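In what follows, a single structure is set out as structure tokens and then discussed.
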Amino acid sequence: MSAPAMKTPVLDMRAISVTYGGRVPAVVGVDLKVRPGEIVGIIGESGSGKSTLAHSVLGLLPKAASLQGEHFDLAGTDMLSAGRGTLTALRGPAAAMIFQNPMTAFSPIHTIGRQLTELLWRDRDQATGQKRERIVAALRDVGIPDPIGKLEAYPFQLSGGMLQRVAIAAALLMKPQLLIADEPTTALDVTMEAQILHLMRTLRDTAGVAILIISHHLGVIAEICDRVAVMYAGRIVEEGTVETIFRQPGHPYTRALFACEPALIPTGARRLPVIAGEVPRPGGTGCDFAGRCLFCEERCLNCAPPWATAAADPSHHSRCHRSMS
Amino acid sequence: MSATPALIEADRLSVQVPTGRLPFSQKAPLSILINVSLSIRPGEIVCMVGESGSGKTTFGRALLGLIKPSAGSITLDGAALPDFSNRSFRAVRRQAALLFQDPLSSFNPRQRIGAMIAEPRRIARSGSTRMQDIAALARQAGLSERLLARFPHALSGGQARRAAVARALSVVPRLIVADEPTAGLDVSIQGGVLNLFLDIREQHDTAFLLITHNLSVVRHVADRIVILYLGRVVESGPAAEILASPRHPYTRALLESEPVPDPARRRAEPPVIGEVPSIAARPPGCEFHTRCRHAQARCRSEAPRLADGPGDRQVACHFPLPEPQPAARGSLRLVSN
């Protein structure tokens with residue numbers, strides 16, 4: 001499924017950088033667009049800045065972090081000048097987030113029903129009974145059996161998979177234009193993972209919500225995304241449609257990640273491939289991947305590679321000297 | 001069966017936990033593990049696979065006596081443990097090491113990594129605890145020497161995993177029980193941990209019990225696979241055969257649930273719906289029938305026995321999937337580029 005290219009993006013970031021404590025860069029000059037009804041995936045190792053990027057969309061960064069950039073637009077609101085009040089108004093209707101561990105996303109001492117009702121604080125005029133009906137409908141939409149009974153349940157009485165469904169229902173109650181999912185299935189069993197991914201895809205198809213999903217699991221990304229951005233050391237190093245990224249990865253880092261994916265290694269290989277070394281601190285001179293790259297040349301060490309567009313495919317970009325030649 | 005005698009053998013091992021708040025509660029105890037038999041030969045890598053709540057972690061711990069089994073027997077080097085007392089299990093624990101699912105929480109936060117790796121040697125009063133020998137151990141586990149002076153909080157996930165392996169190696173175990181050894185690791189370093197296991201096996205003929213729900217990891221290292229569901233073995237056999245042609249519908253569902261990193265092979269429907277039933281309310285008959293696509297009337301009333309199949313395979317199903325599986329989706333994985 002190709003993205004509707006003409007619609008105004010829900011999320012439009014240009015040259016966004018996030019720095020911790022004024023010194024440690026975590027995200028460096030990221031350009032990212034998510035259009036309505038599109039599922040965009042971000043992959044990369046831990047420490048690549050994926051979560052920082054996701055948290056920055058909702059203004060969830062810690063106080064020590066500072067965000068700069070040329071342009072940052074969420075659902076038509078300029079986020080670079082947004083104050084606390086604006087952010088609060090955007091959380092929910094503009095974008096909602098689901099987290100990796102559903103067990104810690106809820107308060108342990110209140111019932112599911114109470115916590116979901118609380119989310120509807122904006123609708124002061126609505127009667128409690130009506131809110132209850134909306135909540136039950138939302139729980140039913142995400143496939144929770146006996147939704148009325150679950151209102152009285154406490155989070156510990158539900159399994160991880162069920163709670164992640166409740167978290168998705170909670171996010172959708174506020175009818176967001178963008179759903180941000182930070183490793184939504186990492187804490188779940190494969191059987192539940194398949195169900196949650198299926199649910200997210202269905203919600204995109206029926207409710208038209210755009211999804212920004214972060215995962216280090218290539219299978220998850222392949223399963224639901226339309227477009228993929230590969231992050232390394234705070235930068236997006238390659239971006240394209242899911243077919244392009246999985247069929248013709250251009251950047252050596254993307255290729256190395258694919259080579260390590262256990263499901264892609266032919267059975268019988270008795271040595272499994274690794275990427276030697278660790279993700280460096282972002283913001284060095286030259287290419288960030290040069291230290292671990294098998295194709296490293298002299299120019300890679302001295303000069304940062306430009307963001308280049310593939311000649312054959314204008315939607316395929318990568319940040320590598322070799323992709324130019 | 002192979003001629004090599006088993007290193008450790010569990011025969012019809014069961015684990016129960018009491019329910020109810022009071023010690024003399026009248027409520028029936030809950031069965032977490034029911035009649036699980038498994039033998040591990042020296043140098044063999046056995047993978048135990050199942051969803052959360054299947055009892056796989058419990059089995060690993062019961063084998064080392066960290067959870068007391070309620071029935072069954074454990075045989076070490078051909079001699080059965082007289083009972084399940086701590087004293088009996090000491091014989092097992094001297095031969096075995098356990099790698100916990102979360103390595104960081106298994107470290108003392110106030111102990112330096114080097115001291116932690118040396119500790120088993122100090123306790124066992126065997127092997128050198130000199131710094132250079134501990135450094136050699138760390139190198140063997142792929143851990144940089146400069147990390148030995150650090151405290152656990154200063155390690156990354158992959159480094160912590162390697163430190164745990166180095167600690168396990170300090171008394172050269174004959175069996176390593178590893179609980180989700182690659183969980184939470186980036187794909188770029190998962191392979192490193194598994195390569196390390198293969199090296200250890202090569203050098204010391206160490207056997208492994210890998211407890212995991214990640215089948216794509218299993219396929220590269222396992223010699224034998226055991227699939228657990230609600231505390232019972234539903235299928236077991238040589239890894240290559242099970243991965244190529246699963247006979248239990250649950251095994252097949254697990255294989256098909258694994259997302260394939262290929263956008264052209266998306267699934268229209270999730271391969272299995274619902275979740276594992278509660279052990280407090282086990283379904284009658286075959287316990288998988290509530291989620292099984294092939295369930296029939298007999299499955300709802302009569303529990304299947306774990307029957308010996310051809311070769312070294314076992315399956316507990318009334319209607320096992322046909323032998324030559326027409327290319328199960330999970331078994332066909334090719335490199336795409």
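Every chain in the structure tokens takes a letter, A first, then B, and so on in the order presented; its residues are numbered from 1, and the ligands are numbered from 1 following the presented order.
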Exercise for the section: Skip A:Val10 itself and residues of its chain fewer than 3 positions away, then list as a ChimeraX atom specification all residues within 6 Å of it, counting only C-alpha atoms. Expected result: /A:34-36,74-75
Take the residues from that selection and write them out as an mmCIF file, in the first residue's frame, keeping C-alpha atoms.
data_model
loop_
_atom_site.group_PDB
_atom_site.id
_atom_site.type_symbol
_atom_site.label_atom_id
_atom_site.label_comp_id
_atom_site.auth_asym_id
_atom_site.auth_seq_id
_atom_site.Cartn_x
_atom_site.Cartn_y
_atom_site.Cartn_z
ATOM 1 C CA VAL A 34 3.904 11.093 8.780
ATOM 2 C CA ARG A 35 0.838 11.524 6.596
ATOM 3 C CA PRO A 36 -2.765 10.713 7.557
ATOM 4 C CA LEU A 74 1.987 18.365 14.793
ATOM 5 C CA ALA A 75 -1.599 18.332 13.499
#
Exercise for the section: Extract, using only C-alpha atoms, all DNA, RNA and protein residues at most 12 Å from B:Cys47, discarding same-chain residues fewer than 5 positions from it, and format them as a PyMOL selection string. Expected result: chain B and resi 38-40+56-57+59-60+176-181+207-228+235-239+242
Problem - For stretch 198-206 of chain B: contacts at 9 Å, only C-alpha atoms, fewer than 4 positions along chain excluded, given as a list in words - result: Arg270 and Arg271 of chain A; Pro42, Gly43, Glu44, Ile45, Gln140, Ala141, Leu169, Val172, Pro173, Arg174, Leu175, Ile176, Val193, Leu194 and Val221 of chain B
Please produce an output containing N, CA and C atoms for each residue in the selection, written as an mmCIF file, in the first residue's frame.
data_model
loop_
_atom_site.group_PDB
_atom_site.id
_atom_site.type_symbol
_atom_site.label_atom_id
_atom_site.label_comp_id
_atom_site.auth_asym_id
_atom_site.auth_seq_id
_atom_site.Cartn_x
_atom_site.Cartn_y
_atom_site.Cartn_z
ATOM 1 N N ARG A 270 26.316 -22.102 11.430
ATOM 2 C CA ARG A 270 26.693 -22.376 12.804
ATOM 3 C C ARG A 270 27.332 -21.167 13.477
ATOM 4 N N ARG A 271 27.689 -20.154 12.705
ATOM 5 C CA ARG A 271 28.138 -18.897 13.305
ATOM 6 C C ARG A 271 27.114 -17.836 12.924
ATOM 7 N N PRO B 42 25.359 -34.686 27.456
ATOM 8 C CA PRO B 42 26.472 -33.731 27.440
ATOM 9 C C PRO B 42 26.613 -33.095 26.056
ATOM 10 N N GLY B 43 26.835 -31.792 26.032
ATOM 11 C CA GLY B 43 27.057 -31.099 24.775
ATOM 12 C C GLY B 43 25.816 -30.861 23.949
ATOM 13 N N GLU B 44 24.656 -31.174 24.515
ATOM 14 C CA GLU B 44 23.428 -31.017 23.747
ATOM 15 C C GLU B 44 22.769 -29.671 24.074
ATOM 16 N N ILE B 45 22.172 -29.039 23.068
ATOM 17 C CA ILE B 45 21.445 -27.794 23.312
ATOM 18 C C ILE B 45 19.958 -28.079 23.140
ATOM 19 N N GLN B 140 37.087 -14.640 27.582
ATOM 20 C CA GLN B 140 36.458 -15.807 26.977
ATOM 21 C C GLN B 140 34.972 -15.547 26.709
ATOM 22 N N ALA B 141 34.358 -14.765 27.583
ATOM 23 C CA ALA B 141 32.940 -14.440 27.404
ATOM 24 C C ALA B 141 32.761 -13.199 26.537
ATOM 25 N N LEU B 169 30.817 -19.336 33.708
ATOM 26 C CA LEU B 169 31.955 -20.129 33.246
ATOM 27 C C LEU B 169 33.024 -20.310 34.317
ATOM 28 N N VAL B 172 33.343 -23.786 35.311
ATOM 29 C CA VAL B 172 33.162 -24.706 34.182
ATOM 30 C C VAL B 172 31.983 -25.657 34.367
ATOM 31 N N PRO B 173 30.783 -25.148 34.171
ATOM 32 C CA PRO B 173 29.604 -25.993 34.388
ATOM 33 C C PRO B 173 29.449 -27.029 33.280
ATOM 34 N N ARG B 174 28.821 -28.141 33.625
ATOM 35 C CA ARG B 174 28.502 -29.132 32.591
ATOM 36 C C ARG B 174 27.130 -28.863 31.998
ATOM 37 N N LEU B 175 26.346 -28.037 32.709
ATOM 38 C CA LEU B 175 25.020 -27.671 32.203
ATOM 39 C C LEU B 175 24.796 -26.185 32.461
ATOM 40 N N ILE B 176 24.351 -25.464 31.426
ATOM 41 C CA ILE B 176 23.963 -24.070 31.624
ATOM 42 C C ILE B 176 22.481 -23.949 31.294
ATOM 43 N N VAL B 193 25.910 -13.535 21.514
ATOM 44 C CA VAL B 193 25.639 -14.350 22.697
ATOM 45 C C VAL B 193 25.480 -15.817 22.294
ATOM 46 N N LEU B 194 24.775 -16.051 21.192
ATOM 47 C CA LEU B 194 24.564 -17.437 20.763
ATOM 48 C C LEU B 194 25.864 -18.072 20.277
ATOM 49 N N VAL B 221 20.463 -22.736 16.921
ATOM 50 C CA VAL B 221 21.336 -23.381 17.893
ATOM 51 C C VAL B 221 20.785 -24.693 18.442
#
Problem - From A:Met103, A:Met13, A:Ala95, A:Leu119, residue lying nearest A:Leu80 [only C-alpha atoms] - result: A:Met13
Handout entry: Neighbours of chain B in chain A at 8 Å, counting only C-alpha atoms, as a PyMOL selection string
Key = chain A and resi 45-46+189-195+198+216-224+242-243+246-248+256-257+260-276
Problem - Pick from A:Gly37, A:Pro25, A:Gly160, A:Gly47 nearest to A:Arg201, counting only C-alpha atoms - result: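 Looking only at the distances to A:Arg201, the closest residue turns out to be A:Gly37.
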Practice task
Find the residues around stretch 305-321 of chain A up to 6 Å (only C-alpha atoms counted), leave out those fewer than 4 positions away in its own chain, and share them as a ChimeraX atom specification.
Solution key: /A:237-240
Practice task
Using only C-alpha atoms, pick whichever of B:Val315, B:Val46, B:Val171, B:Ala138 has the shortest atom-to-atom distance to B:Arg125.
Solution key: B:Val171
Exercise for the section: Do a neighbour search on B:Pro69 at 6 Å with only C-alpha atoms, toss out local chain neighbours closer than 3 positions, and write the hits as a PyMOL selection string. Expected result: chain B and resi 14-15+62
Export N, CA and C atoms of the chosen residues as a PDB file, in the first residue's frame?
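As a result, result.pdb now contains:
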ATOM      1  N   SER B  14       6.747 -32.616  38.345  1.00  0.00           N
ATOM      2  CA  SER B  14       5.576 -31.759  38.512  1.00  0.00           C
ATOM      3  C   SER B  14       5.874 -30.714  39.572  1.00  0.00           C
ATOM      4  N   VAL B  15       5.271 -29.544  39.394  1.00  0.00           N
ATOM      5  CA  VAL B  15       5.405 -28.491  40.400  1.00  0.00           C
ATOM      6  C   VAL B  15       4.011 -27.974  40.715  1.00  0.00           C
ATOM      7  N   ALA B  62      13.095 -25.676  38.640  1.00  0.00           N
ATOM      8  CA  ALA B  62      12.833 -26.919  39.363  1.00  0.00           C
ATOM      9  C   ALA B  62      13.976 -27.912  39.131  1.00  0.00           C
TER      10      ALA B  62
END
Exercise for the section: Enumerate the residues of stretch 28-147 of chain B with a DSSP assignment of strand (DSSP E or B), computed from the backbone, and present them as a PyMOL selection string. Expected result: chain B and resi 30-40+45-49+71-76+79-80+96-99
Residues as selected, N, CA and C atoms, written as a CSV table (one decimal), in the first residue's frame, can you do that?
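Saved to again00.csv:
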chain,number,residue,atom,x,y,z
B,30,LEU,N,-2.4,-25.4,42.8
B,30,LEU,CA,-2.4,-25.2,41.4
B,30,LEU,C,-1.2,-25.9,40.8
B,31,SER,N,-1.4,-26.6,39.7
B,31,SER,CA,-0.3,-27.3,39.0
B,31,SER,C,0.3,-26.3,38.0
B,32,ILE,N,1.6,-26.1,38.2
B,32,ILE,CA,2.3,-25.2,37.2
B,32,ILE,C,2.9,-26.1,36.1
B,33,LEU,N,3.4,-27.2,36.6
B,33,LEU,CA,4.1,-28.1,35.7
B,33,LEU,C,3.6,-29.5,35.9
B,34,ILE,N,3.3,-30.2,34.8
B,34,ILE,CA,2.7,-31.5,35.0
B,34,ILE,C,3.4,-32.6,34.2
B,35,ASN,N,4.1,-33.5,34.9
B,35,ASN,CA,4.7,-34.7,34.3
B,35,ASN,C,5.6,-34.3,33.2
B,36,VAL,N,6.5,-33.4,33.4
B,36,VAL,CA,7.4,-33.0,32.3
B,36,VAL,C,8.7,-33.9,32.4
B,37,SER,N,9.0,-34.7,31.4
B,37,SER,CA,10.2,-35.5,31.3
B,37,SER,C,11.1,-34.9,30.3
B,38,LEU,N,12.4,-34.9,30.6
B,38,LEU,CA,13.4,-34.4,29.7
B,38,LEU,C,14.7,-34.9,30.1
B,39,SER,N,15.5,-35.4,29.1
B,39,SER,CA,16.9,-35.7,29.4
B,39,SER,C,17.8,-34.9,28.5
B,40,ILE,N,18.9,-34.5,29.1
B,40,ILE,CA,19.9,-33.7,28.4
B,40,ILE,C,21.2,-34.4,28.4
B,45,ILE,N,22.2,-29.0,23.1
B,45,ILE,CA,21.4,-27.8,23.3
B,45,ILE,C,20.0,-28.1,23.1
B,46,VAL,N,19.3,-28.1,24.3
B,46,VAL,CA,17.8,-28.3,24.3
B,46,VAL,C,17.1,-27.0,24.5
B,47,CYS,N,16.1,-26.7,23.6
B,47,CYS,CA,15.4,-25.5,23.8
B,47,CYS,C,14.0,-25.8,24.3
B,48,MET,N,13.6,-25.1,25.3
B,48,MET,CA,12.2,-25.2,25.8
B,48,MET,C,11.4,-24.0,25.4
B,49,VAL,N,10.3,-24.2,24.7
B,49,VAL,CA,9.6,-23.1,24.1
B,49,VAL,C,8.2,-23.1,24.5
B,71,ALA,N,6.5,-33.7,42.6
B,71,ALA,CA,6.5,-35.1,42.2
B,71,ALA,C,7.5,-35.3,41.1
B,72,GLY,N,7.9,-36.6,40.9
B,72,GLY,CA,8.8,-36.9,39.8
B,72,GLY,C,10.2,-37.2,40.4
B,73,SER,N,11.2,-37.4,39.5
B,73,SER,CA,12.5,-37.6,40.0
B,73,SER,C,13.5,-37.0,39.0
B,74,ILE,N,14.7,-36.7,39.6
B,74,ILE,CA,15.8,-36.2,38.8
B,74,ILE,C,17.0,-37.1,38.9
B,75,THR,N,17.6,-37.4,37.8
B,75,THR,CA,18.7,-38.3,37.7
B,75,THR,C,19.9,-37.5,37.2
B,76,LEU,N,21.0,-37.6,38.0
B,76,LEU,CA,22.2,-36.9,37.5
B,76,LEU,C,23.3,-37.9,37.3
B,79,ALA,N,22.5,-41.5,38.5
B,79,ALA,CA,22.1,-41.7,39.9
B,79,ALA,C,21.0,-40.8,40.2
B,80,ALA,N,19.9,-41.3,40.7
B,80,ALA,CA,18.7,-40.5,41.0
B,80,ALA,C,19.0,-39.8,42.3
B,96,ALA,N,26.0,-27.2,37.5
B,96,ALA,CA,25.1,-26.3,36.6
B,96,ALA,C,25.3,-24.9,36.9
B,97,ALA,N,24.9,-24.0,36.0
B,97,ALA,CA,24.9,-22.6,36.2
B,97,ALA,C,23.6,-22.1,35.6
B,98,LEU,N,23.0,-21.1,36.2
B,98,LEU,CA,21.8,-20.5,35.7
B,98,LEU,C,22.0,-19.1,35.2
B,99,LEU,N,21.6,-18.8,34.0
B,99,LEU,CA,21.6,-17.4,33.5
B,99,LEU,C,20.2,-16.9,33.6
Problem - Which of stretch 8-155 of chain B fall in alpha helix (DSSP H), as a PyMOL selection string - result: chain B and resi 56-63+86-95+113-124+131-140
Problem - Distance criterion (only C-alpha atoms): nearest to B:Glu241 out of B:Arg162, B:Arg94, B:Arg130, B:Arg313 - result: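 Ranked by minimum distance to B:Glu241, first place goes to B:Arg313.
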Problem - Nearest to B:Ala115 by atom-to-atom distance, counting only C-alpha atoms, from B:Thr182, B:Gln159, B:Ser170, B:Ser245 - result: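 For B:Ala115, the nearest of the candidates is B:Ser170.
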Problem - Residue with smallest distance to A:Phe258 - pool A:Val279, A:Met162, A:Val230, A:Leu87, counting only C-alpha atoms - result: A:Val230
Practice task
Write out as a ChimeraX atom specification each polymer residue whose atoms come within 9 Å of B:Ala118, counting only C-alpha atoms; drop sequence neighbours fewer than 5 positions from it.
Solution key: /B:113,123,128-131,134,167,170
